[in-house]
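Engineer: Dropping the structure in here first, questions after.
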Amino acid sequence: MKRLLGFLLIICLIVGVMPTVYASEKNVTDILVIGTDERTDSFSTNARSDCMMLVSINKSAGTVKLVSFERGMGVPVLEGKYQGQWDWLTHIFRYGGAKLLMKTLNHCFDLNIRHYVRVNFQTVTNAVDAIGGITLELTDAEAQYFQLGSGGVHHLNGEQALAFARLRQIDDDWRRIQRQRRVIIAAAEGLKHVGLSELKKLASDVLPLVQTNLSPLEISRLVLQAPTIIHGEFSQMTIPKEGTYRLKTGMGGRSYFAADFGENTEILHEFLYE
């Protein structure tokens, strides 16, 4: 099963103009970055959302918080043919696209996500190459898997960064989720010294490869705010949190992570909004 990361360049281009998320959090913007499993430039209506990452930006505090939702977490199907049943979160996109996926996360975790950006394999590869690759510190096991010798600092191109973000063979899916966020943070580091004119060029190269419900006018306004976001303080977490879920069986006999939504909602809101 393929995975995909949300890519920071695209995040930087979509921050700052969306409506208030909570009335008490007027400076917080929440965006859902969806990674689907196509290998081509086009997007399929039958794809899975194998990466679902909430990006929460607090402009007044200068922070960027990344929350990954485990794809194997069980959630209720709220609409359509399978309404009332429980299935993996990754399958919700196939049942109702980005709209149903946002509705599901809002329902389960008392959020108000209104905007999304969808990327696929080709988007990530092209975007990483567009900024000249990324620099990551790899463990010995990671470096050996990619035949890069011993662990340490390595520079990865687009194909390598994508493969790194999909890697779970040496451990598990939970650590793959962490790798997705490591790629995003590494991309932020790489973009810190990029000027506004270069950001505009990157936007023109990458944005045709994404799907989003943001308008062209909103996107054009966001480019000007990208440098501020890139230099923000990043923090991260995964939902459900360890110790807050158990295994259950849902549709098709699939085993899923049955999260305590009440406890995880409290944990998530404390992390996002303090």
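FYI, nothing fancy with the structure tokens labels: chains A, B, ... in order, residues from 1 per chain, ligands from 1 as they appear.
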Excluding region 99-105 of chain A and its own-chain neighbours fewer than 3 positions away, which residues fall within 8 Å of it when counting only C-alpha atoms? Please give them as JSON, numbers by chain.
Structural biologist: {"A": [32, 75, 76, 77, 78, 79, 92, 93, 95, 96, 108, 109, 110, 111, 113, 114]}
Engineer: What does the file look like for those residues with all heavy atoms, as a CSV table (one decimal), in the first residue's frame?
Structural biologist:
```
chain,number,residue,atom,x,y,z
A,32,LEU,N,-5.9,20.7,5.5
A,32,LEU,CA,-5.7,19.3,5.3
A,32,LEU,C,-4.9,19.0,4.1
A,32,LEU,O,-5.3,19.3,3.0
A,32,LEU,CB,-7.0,18.5,5.3
A,32,LEU,CG,-6.9,17.0,5.3
A,32,LEU,CD1,-6.2,16.5,6.5
A,32,LEU,CD2,-8.2,16.3,5.1
A,75,VAL,N,-12.9,4.7,11.4
A,75,VAL,CA,-13.8,5.8,11.5
A,75,VAL,C,-15.1,5.4,10.9
A,75,VAL,O,-15.2,4.5,10.1
A,75,VAL,CB,-13.2,7.0,10.7
A,75,VAL,CG1,-12.0,7.6,11.3
A,75,VAL,CG2,-13.0,6.7,9.2
A,76,PRO,N,-16.2,6.1,11.3
A,76,PRO,CA,-17.5,5.8,10.8
A,76,PRO,C,-17.6,6.4,9.3
A,76,PRO,O,-17.1,7.4,9.0
A,76,PRO,CB,-18.5,6.5,11.7
A,76,PRO,CG,-17.6,7.6,12.3
A,76,PRO,CD,-16.2,7.1,12.4
A,77,VAL,N,-18.3,5.6,8.5
A,77,VAL,CA,-18.6,6.1,7.1
A,77,VAL,C,-19.9,6.9,7.3
A,77,VAL,O,-21.0,6.4,7.6
A,77,VAL,CB,-18.8,4.9,6.1
A,77,VAL,CG1,-19.1,5.5,4.7
A,77,VAL,CG2,-17.6,4.0,6.1
A,78,LEU,N,-19.8,8.2,7.0
A,78,LEU,CA,-20.9,9.2,7.3
A,78,LEU,C,-21.9,9.3,6.2
A,78,LEU,O,-23.0,9.8,6.4
A,78,LEU,CB,-20.3,10.5,7.7
A,78,LEU,CG,-19.4,10.6,8.9
A,78,LEU,CD1,-18.8,12.0,9.1
A,78,LEU,CD2,-20.1,10.1,10.1
A,79,GLU,N,-21.5,9.0,4.9
A,79,GLU,CA,-22.3,9.2,3.8
A,79,GLU,C,-22.1,8.0,2.8
A,79,GLU,O,-21.1,7.3,2.8
A,79,GLU,CB,-22.0,10.5,3.1
A,79,GLU,CG,-22.2,11.7,3.9
A,79,GLU,CD,-21.8,13.0,3.1
A,79,GLU,OE1,-21.4,12.8,1.9
A,79,GLU,OE2,-21.9,14.1,3.7
A,92,ILE,N,-11.9,6.4,3.2
A,92,ILE,CA,-12.9,7.4,3.2
A,92,ILE,C,-12.8,8.3,2.0
A,92,ILE,O,-13.8,8.7,1.4
A,92,ILE,CB,-12.9,8.3,4.5
A,92,ILE,CG1,-13.2,7.4,5.7
A,92,ILE,CG2,-13.8,9.4,4.4
A,92,ILE,CD1,-14.5,6.7,5.7
A,93,PHE,N,-11.6,8.6,1.6
A,93,PHE,CA,-11.4,9.5,0.4
A,93,PHE,C,-12.0,8.8,-0.8
A,93,PHE,O,-12.7,9.4,-1.7
A,93,PHE,CB,-9.9,9.7,0.1
A,93,PHE,CG,-9.7,10.7,-1.0
A,93,PHE,CD1,-9.6,12.0,-0.8
A,93,PHE,CD2,-9.5,10.2,-2.3
A,93,PHE,CE1,-9.4,12.9,-1.8
A,93,PHE,CE2,-9.2,11.1,-3.3
A,93,PHE,CZ,-9.2,12.5,-3.1
A,95,TYR,N,-14.5,6.8,-0.9
A,95,TYR,CA,-16.0,6.8,-0.7
A,95,TYR,C,-16.6,8.2,-1.0
A,95,TYR,O,-17.8,8.3,-1.4
A,95,TYR,CB,-16.4,6.4,0.7
A,95,TYR,CG,-16.0,5.0,1.0
A,95,TYR,CD1,-15.7,4.6,2.4
A,95,TYR,CD2,-15.8,4.0,0.1
A,95,TYR,CE1,-15.3,3.4,2.7
A,95,TYR,CE2,-15.4,2.7,0.4
A,95,TYR,CZ,-15.1,2.4,1.7
A,95,TYR,OH,-14.7,1.1,2.1
A,96,GLY,N,-15.9,9.3,-0.8
A,96,GLY,CA,-16.5,10.6,-0.9
A,96,GLY,C,-15.5,11.7,-1.2
A,96,GLY,O,-15.9,12.9,-1.0
A,108,CYS,N,-15.0,13.4,13.9
A,108,CYS,CA,-14.4,12.6,14.9
A,108,CYS,C,-13.6,13.4,16.0
A,108,CYS,O,-13.4,13.0,17.1
A,108,CYS,CB,-13.5,11.6,14.2
A,108,CYS,SG,-14.4,10.3,13.3
A,109,PHE,N,-13.0,14.6,15.5
A,109,PHE,CA,-12.1,15.3,16.4
A,109,PHE,C,-12.5,16.7,16.7
A,109,PHE,O,-11.7,17.5,17.1
A,109,PHE,CB,-10.7,15.2,15.8
A,109,PHE,CG,-10.2,13.8,15.7
A,109,PHE,CD1,-10.1,13.2,14.4
A,109,PHE,CD2,-9.8,13.1,16.8
A,109,PHE,CE1,-9.6,11.9,14.3
A,109,PHE,CE2,-9.3,11.8,16.6
A,109,PHE,CZ,-9.2,11.2,15.4
A,110,ASP,N,-13.8,17.0,16.4
A,110,ASP,CA,-14.3,18.4,16.7
A,110,ASP,C,-13.5,19.5,16.1
A,110,ASP,O,-13.1,20.4,16.8
A,110,ASP,CB,-14.4,18.6,18.3
A,110,ASP,CG,-15.2,19.8,18.6
A,110,ASP,OD1,-16.1,20.3,17.8
A,110,ASP,OD2,-15.1,20.3,19.7
A,111,LEU,N,-13.2,19.3,14.8
A,111,LEU,CA,-12.4,20.3,14.1
A,111,LEU,C,-13.3,21.1,13.2
A,111,LEU,O,-14.5,20.8,13.1
A,111,LEU,CB,-11.3,19.6,13.3
A,111,LEU,CG,-10.2,18.9,14.2
A,111,LEU,CD1,-9.3,18.0,13.3
A,111,LEU,CD2,-9.4,19.8,15.0
A,113,ILE,N,-12.1,21.9,9.7
A,113,ILE,CA,-11.2,22.0,8.5
A,113,ILE,C,-12.1,22.3,7.3
A,113,ILE,O,-13.1,21.6,7.0
A,113,ILE,CB,-10.5,20.6,8.3
A,113,ILE,CG1,-9.8,20.2,9.5
A,113,ILE,CG2,-9.6,20.7,7.0
A,113,ILE,CD1,-9.3,18.8,9.4
A,114,ARG,N,-11.7,23.3,6.6
A,114,ARG,CA,-12.5,23.8,5.4
A,114,ARG,C,-11.8,23.7,4.1
A,114,ARG,O,-12.4,23.7,3.0
A,114,ARG,CB,-13.0,25.2,5.6
A,114,ARG,CG,-13.8,25.4,6.9
A,114,ARG,CD,-14.2,26.9,7.0
A,114,ARG,NE,-14.8,27.1,8.3
A,114,ARG,CZ,-15.2,28.3,8.7
A,114,ARG,NH1,-15.1,29.3,7.9
A,114,ARG,NH2,-15.7,28.5,9.9
```
Engineer: I need the residues of region 144-269 of chain A that end up classed as helix (DSSP H, G or I) by DSSP on the backbone, written out as a ChimeraX atom specification.
Structural biologist: /A:144-145,158-166,173-191,196-209,216-230,251-253,261-269
Engineer: Between A:Arg48, A:Lys59, A:His91, A:His115, which has the minimum distance to Arg254 (chain A) (counting only C-alpha atoms)?
Structural biologist: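 With only C-alpha atoms as the atom set, the closest residue is A:His91.
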Engineer: Could I get the residues of region 187-254 of chain A with an atom no further than 9 Å from an atom of region 129-140 of chain A, each paired with its nearest atom pair and that distance in Å to one decimal, using only C-alpha atoms, sorted by chain and residue number, as CSV?
Structural biologist:
```
residue,atom,partner,partner_atom,distance
A:Ala187,CA,A:Ile134,CA,5.9
A:Glu189,CA,A:Ile134,CA,8.4
A:Gly190,CA,A:Ile134,CA,6.4
A:Leu191,CA,A:Ile131,CA,7.4
A:Val194,CA,A:Ile131,CA,8.8
A:Leu202,CA,A:Ala130,CA,6.7
A:Asp205,CA,A:Ala130,CA,7.9
A:Val206,CA,A:Ala130,CA,8.2
```
Engineer: Please, could you write that set of residues out with N, CA, C and O atoms as a short mmCIF file (atom, residue, chain, number, x, y, z; two decimals), in the first residue's frame?
Structural biologist:
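What follows is the written file again-v1.cif:
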```cif
data_model
loop_
_atom_site.label_atom_id
_atom_site.label_comp_id
_atom_site.auth_asym_id
_atom_site.auth_seq_id
_atom_site.Cartn_x
_atom_site.Cartn_y
_atom_site.Cartn_z
N ALA A 187 12.33 20.19 3.97
CA ALA A 187 12.02 21.10 2.88
C ALA A 187 11.94 22.54 3.38
O ALA A 187 12.37 23.48 2.70
N GLU A 189 13.64 23.81 5.83
CA GLU A 189 15.02 24.26 5.99
C GLU A 189 15.60 24.69 4.65
O GLU A 189 16.27 25.71 4.55
N GLY A 190 15.33 23.90 3.62
CA GLY A 190 15.87 24.21 2.31
C GLY A 190 15.30 25.47 1.69
O GLY A 190 15.94 26.11 0.86
N LEU A 191 14.10 25.84 2.11
CA LEU A 191 13.43 27.01 1.54
C LEU A 191 13.74 28.30 2.29
O LEU A 191 13.36 29.38 1.84
N VAL A 194 15.46 30.91 0.19
CA VAL A 194 14.89 31.17 -1.14
C VAL A 194 14.17 32.51 -1.13
O VAL A 194 13.36 32.79 -0.24
N LEU A 202 8.70 28.75 -8.16
CA LEU A 202 8.37 27.42 -7.66
C LEU A 202 6.87 27.20 -7.66
O LEU A 202 6.38 26.12 -8.01
N ASP A 205 5.59 26.35 -11.04
CA ASP A 205 5.98 25.02 -11.47
C ASP A 205 5.17 23.92 -10.78
O ASP A 205 4.84 22.89 -11.39
N VAL A 206 4.87 24.12 -9.49
CA VAL A 206 4.29 23.06 -8.68
C VAL A 206 2.77 23.10 -8.63
O VAL A 206 2.10 22.05 -8.66
#
```
